[in-house]
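> Submitted below is the structure of interest, expressed as structure tokens.
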Amino acid sequence: MVDFVKILVTGVCPIELEQNPYLDFYDKINLQTGQIRTVNRNGKKTTPYKNAFYKGLEFRIYDTGTITISGSLHKYWNAGAHNYNDFDFKAFLLVLMDFQRKFNIDSGNCILKCLEVGININPIIETNEIIESCLLHKTKPFEYQKNSFEGKYKQVVHSQYIVKLYNKALQYNSRGFNILNDVMRFEIKYTKMEKLKKFGIETLKDISTTKLQAFKRELLNEWQNVLFFDNTTRIDNLCKNSQKEALLKYSNPIFWTGLVENNQNENFKYHKKQLQKLILSNSKNIKRVTSEIMSKKIDFLIGTTTQNDRLIIASKKVVSNSENEFQKDCVCVVTGINISMQKKGSLLLSHTGLKYYFKNDKKVFEQIKRRYLSKRWHNSDFEKQVKEIAHNIRNANSNQRIKQVKLYPASQLNMFASGFVSEVLY
């Protein structure tokens with residue numbers, strides 16, 4: 001759920017961080033005079049800093065001694081490559097542990113200045129159709145944005161947060177990935193910390209399963225605040241011409257923004273209720289179904305922490321090179337799922353593991369099925385589904401290796417070679 005962060009780091013010596021073997025810091029200097037740049041491109045004075053990049057995160061050390069880190073923790077989990085898969089609370093804990101081990105950064109010393117929380121879901125209709133149907137958030141219209149890192153997306157900017165909608169499959173398939181199913185992302189980017197402080201969140205350490213439940217409520221509430229025109233609404237089901245005319249009018253975002261701009265708040269509320277009535281009785285209720293999918297997905301990502309969960313136990317231990325409770329061959333390098341029930345040395349979730357989860361943890365099995373089973377095989381028998389899921393996981397592993405060869409030169413450390421979880425724990 002947790003994605004982009006900007007944090008102010010305390011309790012770390014800038015010189016020690018600058019000498020860290022995982023980081024290569026650079027200054028921005030004038031090549032002719034050798035002077036460090038002290039103004040930005042707009043001509044405003046700035047504090048000089050050195051920066052380094054590691055697995056999608058930017059580390060900055062300012063001349064004042066201030067240290068900041070910004071970037072996606074989700075991408076960090078995937079060696080900086082992507083954030084289209086699931087990033088659950090267990091993975092989040094392992095990332096924090098990795099910070100401690102590699103950079104001597106305690107999560108309690110990571111003061112949040114910006115935070116994104118969101119989820120990736122497999123929607124019941126095409127992602128682009130859902131995004132197109134999102135007209136306003138509260139009373140502000142959605143606007144399309146595009147940049148080289150995030151691709152094309154829709155957002156609404158509020159005073160303390162931003163709401164965003166993405167087509168994650170389209171974004172990453174355009175970069176050479178092979179995502180089989182639609183992936184829609186809905187997220188909130190907190191640009192002010194006021195609301196987070198009300199939740200009791202000031203540092204990365206403060207983020208717990210209880211606090212993630214608060215984010216669940218926030219995400220679902222903000223989804224409910226979306227003015228959604230359901231394109232599955234059947235106009236031919238409407239008996240009155242006035243209803244048909246109203247439906248056509250409601251599909252146009254200009255109608256709604258006109259009400260807002262003219263301060264017709266009561267009319268806005270009235271017509272919104274009328275739209276909801278028409279959708280409720282004449283459509284597939286895409287917004288409601290999407291909300292249900294979001295709710296179940298968030299519950300899955302938060303999970304339930306038990307002492308029998310080896311991954312959580314591992315995340316609470318002080319891990320050393322000499323002793324490790326969670327061996328390298330216990331995690332599938334593609335899904336991040338525990339595969340300790342399979343043959344020793346296994347790298348990928350196979351038929352054995354899939355059958356184990358079907359019998360012992362249906363929630364995990366269904367999540368894997370949604371991600372790795374093509375719709376073509378949804379009505380096939382169990383053995384065929386297991387075969388196809390395992391086949392697609394093998395293909396995903398192959399595609400990841402090919403992608404990493406393109407992304408990283410041979411001399412650069414490649415986390416996909418042995419799986420990120422293995423690298424975190426060693």
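Residues are named by chain letter and number: chains run A, B, ... in the order of the structure tokens, numbers start at 1 in each chain, and ligands are numbered from 1 in the order shown.
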Quick one: everything within 10 Å of His391 of chain A, counting only C-alpha atoms, minus sequence neighbours fewer than 5 positions away in the same chain. Send it as a tab-separated table (two decimals) with N, CA, C and O atoms, in the first residue's frame.

```
chain	number	residue	atom	x	y	z
A	349	LEU	N	7.41	-20.31	-7.65
A	349	LEU	CA	6.21	-21.00	-7.18
A	349	LEU	C	5.76	-21.99	-8.23
A	349	LEU	O	5.56	-21.63	-9.40
A	350	SER	N	5.61	-23.25	-7.86
A	350	SER	CA	5.32	-24.32	-8.81
A	350	SER	C	4.00	-25.00	-8.47
A	350	SER	O	3.25	-24.56	-7.59
A	351	HIS	N	3.72	-26.12	-9.18
A	351	HIS	CA	2.49	-26.88	-8.95
A	351	HIS	C	2.33	-27.25	-7.47
A	351	HIS	O	1.24	-27.14	-6.90
A	372	TYR	N	-1.96	-14.15	-12.16
A	372	TYR	CA	-1.20	-14.94	-13.13
A	372	TYR	C	-2.02	-15.90	-13.98
A	372	TYR	O	-1.44	-16.64	-14.78
A	373	LEU	N	-3.33	-15.89	-13.84
A	373	LEU	CA	-4.15	-16.76	-14.69
A	373	LEU	C	-4.93	-15.91	-15.68
A	373	LEU	O	-5.71	-15.05	-15.29
A	385	GLN	N	-5.74	-25.00	-14.47
A	385	GLN	CA	-5.45	-23.67	-13.93
A	385	GLN	C	-4.08	-23.64	-13.26
A	385	GLN	O	-3.31	-22.69	-13.45
A	386	VAL	N	-3.77	-24.66	-12.47
A	386	VAL	CA	-2.47	-24.73	-11.81
A	386	VAL	C	-1.34	-24.76	-12.83
A	386	VAL	O	-0.33	-24.06	-12.70
A	396	ALA	N	6.95	-14.88	-16.52
A	396	ALA	CA	7.20	-13.59	-15.86
A	396	ALA	C	8.65	-13.51	-15.40
A	396	ALA	O	9.30	-12.47	-15.52
```
> Please list as a compact mmCIF listing (two decimals) with N, CA and C atoms, in the first residue's frame every residue within 12 Å of Asn231 of chain A, counting only C-alpha atoms and excluding residues in the same chain fewer than 2 positions away.

```
# COMPACT_ATOMS: atom_id res chain seq x y z
N ILE A 125 -13.91 -4.35 -15.54
CA ILE A 125 -13.93 -3.88 -16.93
C ILE A 125 -12.58 -3.22 -17.21
N GLU A 126 -12.36 -2.80 -18.44
CA GLU A 126 -11.08 -2.21 -18.80
C GLU A 126 -10.76 -0.98 -17.95
N ASN A 128 -9.03 1.68 -18.61
CA ASN A 128 -9.22 2.97 -19.29
C ASN A 128 -10.68 3.41 -19.26
N GLU A 129 -11.59 2.44 -19.34
CA GLU A 129 -13.01 2.77 -19.30
C GLU A 129 -13.41 3.32 -17.93
N ILE A 130 -12.83 2.73 -16.86
CA ILE A 130 -13.12 3.22 -15.51
C ILE A 130 -12.55 4.63 -15.33
N ILE A 131 -11.32 4.83 -15.77
CA ILE A 131 -10.68 6.13 -15.62
C ILE A 131 -11.45 7.21 -16.38
N GLU A 132 -11.90 6.88 -17.59
CA GLU A 132 -12.68 7.84 -18.38
C GLU A 132 -13.98 8.20 -17.68
N SER A 133 -14.53 7.26 -16.91
CA SER A 133 -15.82 7.48 -16.24
C SER A 133 -15.70 8.33 -14.99
N CYS A 134 -14.47 8.57 -14.53
CA CYS A 134 -14.25 9.41 -13.34
C CYS A 134 -14.20 10.86 -13.77
N LEU A 135 -15.26 11.60 -13.49
CA LEU A 135 -15.40 12.97 -13.99
C LEU A 135 -14.85 14.00 -13.02
N PHE A 228 -18.83 9.56 -10.61
CA PHE A 228 -18.58 8.48 -11.58
C PHE A 228 -19.79 8.31 -12.49
N PHE A 229 -19.55 8.45 -13.78
CA PHE A 229 -20.62 8.17 -14.74
C PHE A 229 -20.43 6.77 -15.26
N THR A 233 -24.67 1.96 -17.88
CA THR A 233 -26.07 2.37 -17.69
C THR A 233 -26.82 2.25 -19.01
N ARG A 234 -27.93 1.52 -19.00
CA ARG A 234 -28.71 1.27 -20.22
C ARG A 234 -29.75 2.36 -20.40
N ILE A 235 -29.50 3.23 -21.39
CA ILE A 235 -30.43 4.32 -21.64
C ILE A 235 -31.77 3.81 -22.16
N LEU A 247 -29.59 11.73 -18.39
CA LEU A 247 -28.44 10.82 -18.42
C LEU A 247 -27.37 11.33 -19.40
N LEU A 248 -27.80 11.77 -20.55
CA LEU A 248 -26.85 12.32 -21.53
C LEU A 248 -26.17 13.56 -20.98
N TYR A 250 -25.67 14.22 -17.79
CA TYR A 250 -24.79 13.84 -16.69
C TYR A 250 -23.47 13.23 -17.17
N SER A 251 -23.42 12.73 -18.39
CA SER A 251 -22.20 12.12 -18.91
C SER A 251 -21.16 13.16 -19.30
N ASN A 252 -21.56 14.44 -19.32
CA ASN A 252 -20.67 15.51 -19.76
C ASN A 252 -20.08 16.24 -18.55
N LEU A 275 -28.31 11.16 -10.59
CA LEU A 275 -27.41 10.28 -11.35
C LEU A 275 -27.24 8.95 -10.62
N LEU A 278 -30.26 6.73 -11.16
CA LEU A 278 -30.30 6.15 -12.49
C LEU A 278 -29.29 5.01 -12.64
N ILE A 279 -28.09 5.20 -12.09
CA ILE A 279 -27.05 4.17 -12.17
C ILE A 279 -27.44 2.94 -11.36
N ASN A 282 -30.05 0.82 -13.30
CA ASN A 282 -29.94 0.57 -14.73
C ASN A 282 -28.52 0.26 -15.21
N SER A 283 -27.62 -0.10 -14.29
CA SER A 283 -26.24 -0.36 -14.70
C SER A 283 -25.67 -1.55 -13.94
N LYS A 284 -24.41 -1.84 -14.21
CA LYS A 284 -23.70 -2.93 -13.52
C LYS A 284 -23.03 -2.42 -12.24
N ASN A 285 -23.29 -1.18 -11.90
CA ASN A 285 -22.75 -0.59 -10.66
C ASN A 285 -21.23 -0.79 -10.55
N ILE A 286 -20.52 -0.34 -11.58
CA ILE A 286 -19.08 -0.53 -11.65
C ILE A 286 -18.36 0.11 -10.47
N LYS A 287 -18.79 1.29 -10.07
CA LYS A 287 -18.13 1.97 -8.96
C LYS A 287 -18.25 1.18 -7.66
```
> Show which residues sit within 8 Å of Cys114 of chain A, as a list in words. Count only C-alpha atoms, and ignore same-chain residues fewer than 4 positions away.
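In the requested format, the answer is Phe4, Val5, Lys6, Ile7, Lys189, Tyr190, Thr191, Lys192 and Met193 of chain A.
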> Which is closer to Lys140 of chain A than all the others in A:Val2, A:Leu259, A:Ile393, A:Leu93, using only C-alpha atoms?
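The shortest atom-to-atom distance to Lys140 of chain A comes from A:Leu259.
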> Mind giving me the straight-line distance from atom CA of Lys216 of chain A to atom CA of Ser295 of chain A in Å, one decimal?
7.3 Å
> Applying 12 Å and only C-alpha atoms, which residues near Leu196 of chain A remain after dropping the ones on its own chain fewer than 5 positions away? List them as a ChimeraX atom specification.
/A:111-117,160-161,188-191,201-204,206-207,211-212,214-215,218
> Using N, CA and C atoms, can you export the residues from the last selection as a CSV table (one decimal), in the first residue's frame?

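Contents of part_29.csv, freshly written:
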```csv
chain,number,residue,atom,x,y,z
A,111,ILE,N,11.5,10.9,9.2
A,111,ILE,CA,10.3,11.8,9.4
A,111,ILE,C,9.7,12.1,8.1
A,112,LEU,N,8.4,11.8,8.0
A,112,LEU,CA,7.7,11.9,6.7
A,112,LEU,C,7.4,13.3,6.3
A,113,LYS,N,7.7,13.7,5.1
A,113,LYS,CA,7.3,15.0,4.5
A,113,LYS,C,6.3,14.8,3.4
A,114,CYS,N,6.2,13.6,2.8
A,114,CYS,CA,5.3,13.3,1.7
A,114,CYS,C,5.1,11.8,1.7
A,115,LEU,N,3.9,11.4,1.5
A,115,LEU,CA,3.6,10.0,1.5
A,115,LEU,C,2.4,9.7,0.5
A,116,GLU,N,2.6,8.6,-0.3
A,116,GLU,CA,1.6,8.1,-1.1
A,116,GLU,C,1.2,6.7,-0.6
A,117,VAL,N,-0.1,6.5,-0.6
A,117,VAL,CA,-0.7,5.2,-0.3
A,117,VAL,C,-1.7,4.8,-1.4
A,160,GLN,N,-4.3,19.6,0.6
A,160,GLN,CA,-3.4,18.8,1.4
A,160,GLN,C,-3.1,17.4,0.8
A,161,TYR,N,-3.7,17.1,-0.3
A,161,TYR,CA,-3.5,15.8,-0.9
A,161,TYR,C,-3.9,15.8,-2.4
A,188,ILE,N,-3.7,8.0,-3.0
A,188,ILE,CA,-3.7,9.3,-2.4
A,188,ILE,C,-2.3,9.7,-2.1
A,189,LYS,N,-1.9,10.9,-2.5
A,189,LYS,CA,-0.6,11.4,-2.2
A,189,LYS,C,-0.8,12.6,-1.2
A,190,TYR,N,-0.3,12.4,0.0
A,190,TYR,CA,-0.4,13.4,1.0
A,190,TYR,C,0.8,14.4,0.9
A,191,THR,N,0.5,15.6,0.5
A,191,THR,CA,1.5,16.6,0.4
A,191,THR,C,1.7,17.5,1.6
A,201,ILE,N,0.8,9.3,12.7
A,201,ILE,CA,1.9,8.9,11.8
A,201,ILE,C,2.8,10.1,11.6
A,202,GLU,N,4.1,10.0,12.0
A,202,GLU,CA,5.1,11.1,11.8
A,202,GLU,C,6.3,10.5,11.1
A,203,THR,N,6.6,9.2,11.4
A,203,THR,CA,7.8,8.6,10.9
A,203,THR,C,7.4,7.2,10.2
A,204,LEU,N,8.3,6.6,9.5
A,204,LEU,CA,8.0,5.4,8.8
A,204,LEU,C,7.7,4.3,9.9
A,206,ASP,N,6.0,4.6,12.5
A,206,ASP,CA,4.6,4.7,13.0
A,206,ASP,C,3.6,3.9,12.1
A,207,ILE,N,4.0,3.5,10.9
A,207,ILE,CA,3.1,2.8,10.0
A,207,ILE,C,2.9,1.4,10.4
A,211,LYS,N,-2.6,1.4,11.6
A,211,LYS,CA,-2.6,2.6,10.8
A,211,LYS,C,-3.0,2.4,9.3
A,212,LEU,N,-2.6,1.2,8.8
A,212,LEU,CA,-3.0,0.9,7.4
A,212,LEU,C,-4.5,0.7,7.3
A,214,ALA,N,-6.6,2.7,8.8
A,214,ALA,CA,-7.0,4.1,8.7
A,214,ALA,C,-6.9,4.5,7.2
A,215,PHE,N,-5.8,4.0,6.6
A,215,PHE,CA,-5.6,4.3,5.1
A,215,PHE,C,-6.6,3.6,4.3
A,218,GLU,N,-9.6,5.8,4.3
A,218,GLU,CA,-9.3,7.0,3.5
A,218,GLU,C,-9.4,6.7,2.0
```
> If you count only C-alpha atoms, which residues fall within 8 Å of Thr68 of chain A, apart from same-chain ones fewer than 2 positions away, as a list in words?
Lys6, Ile7, Leu8, Val9, Phe59, Arg60, Ile61, Thr66 and Ser70 of chain A
> Output the selection as a short mmCIF file (atom, residue, chain, number, x, y, z; two decimals), in the first residue's frame - N, CA and C atoms for each residue.

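The resulting file, selection-v5.cif, is reproduced below:
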```
data_model
loop_
_atom_site.label_atom_id
_atom_site.label_comp_id
_atom_site.auth_asym_id
_atom_site.auth_seq_id
_atom_site.Cartn_x
_atom_site.Cartn_y
_atom_site.Cartn_z
N LYS A 6 8.78 10.96 0.84
CA LYS A 6 9.88 11.89 1.00
C LYS A 6 10.11 12.01 2.49
N ILE A 7 11.31 11.71 2.93
CA ILE A 7 11.58 11.65 4.37
C ILE A 7 12.81 12.49 4.72
N LEU A 8 12.74 13.06 5.90
CA LEU A 8 13.87 13.76 6.51
C LEU A 8 14.52 12.77 7.47
N VAL A 9 15.80 12.49 7.27
CA VAL A 9 16.50 11.48 8.06
C VAL A 9 17.30 12.15 9.18
N PHE A 59 19.01 9.79 -2.55
CA PHE A 59 19.57 10.20 -1.27
C PHE A 59 20.23 11.56 -1.47
N ARG A 60 19.89 12.53 -0.63
CA ARG A 60 20.51 13.86 -0.71
C ARG A 60 21.17 14.21 0.62
N ILE A 61 22.38 14.74 0.50
CA ILE A 61 23.07 15.30 1.67
C ILE A 61 23.33 16.78 1.38
N THR A 66 21.71 18.34 6.45
CA THR A 66 20.39 17.72 6.33
C THR A 66 20.42 16.57 5.33
N SER A 70 13.99 10.33 -1.07
CA SER A 70 12.69 10.38 -1.75
C SER A 70 12.64 9.32 -2.83
#
```
> Pick from A:Leu17, A:Asn122, A:Phe382, A:Leu301: nearest to Asn104 of chain A, with only C-alpha atoms counted?
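Smallest separation from Asn104 of chain A among the options: A:Leu17.
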> Residues of segment 123-323 of chain A in helix (DSSP H, G or I) according to DSSP, as a ChimeraX atom specification?
/A:127-133,168-173,194-198,204-206,209-224,235-237,241-250,253-261,265-282,286-302,310-316
> How far is it from atom CA of Leu220 of chain A to atom CA of Asn265 of chain A, in Å with one decimal?
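One can read the atom CA of Leu220 of chain A to atom CA of Asn265 of chain A distance as 23.5 Å.
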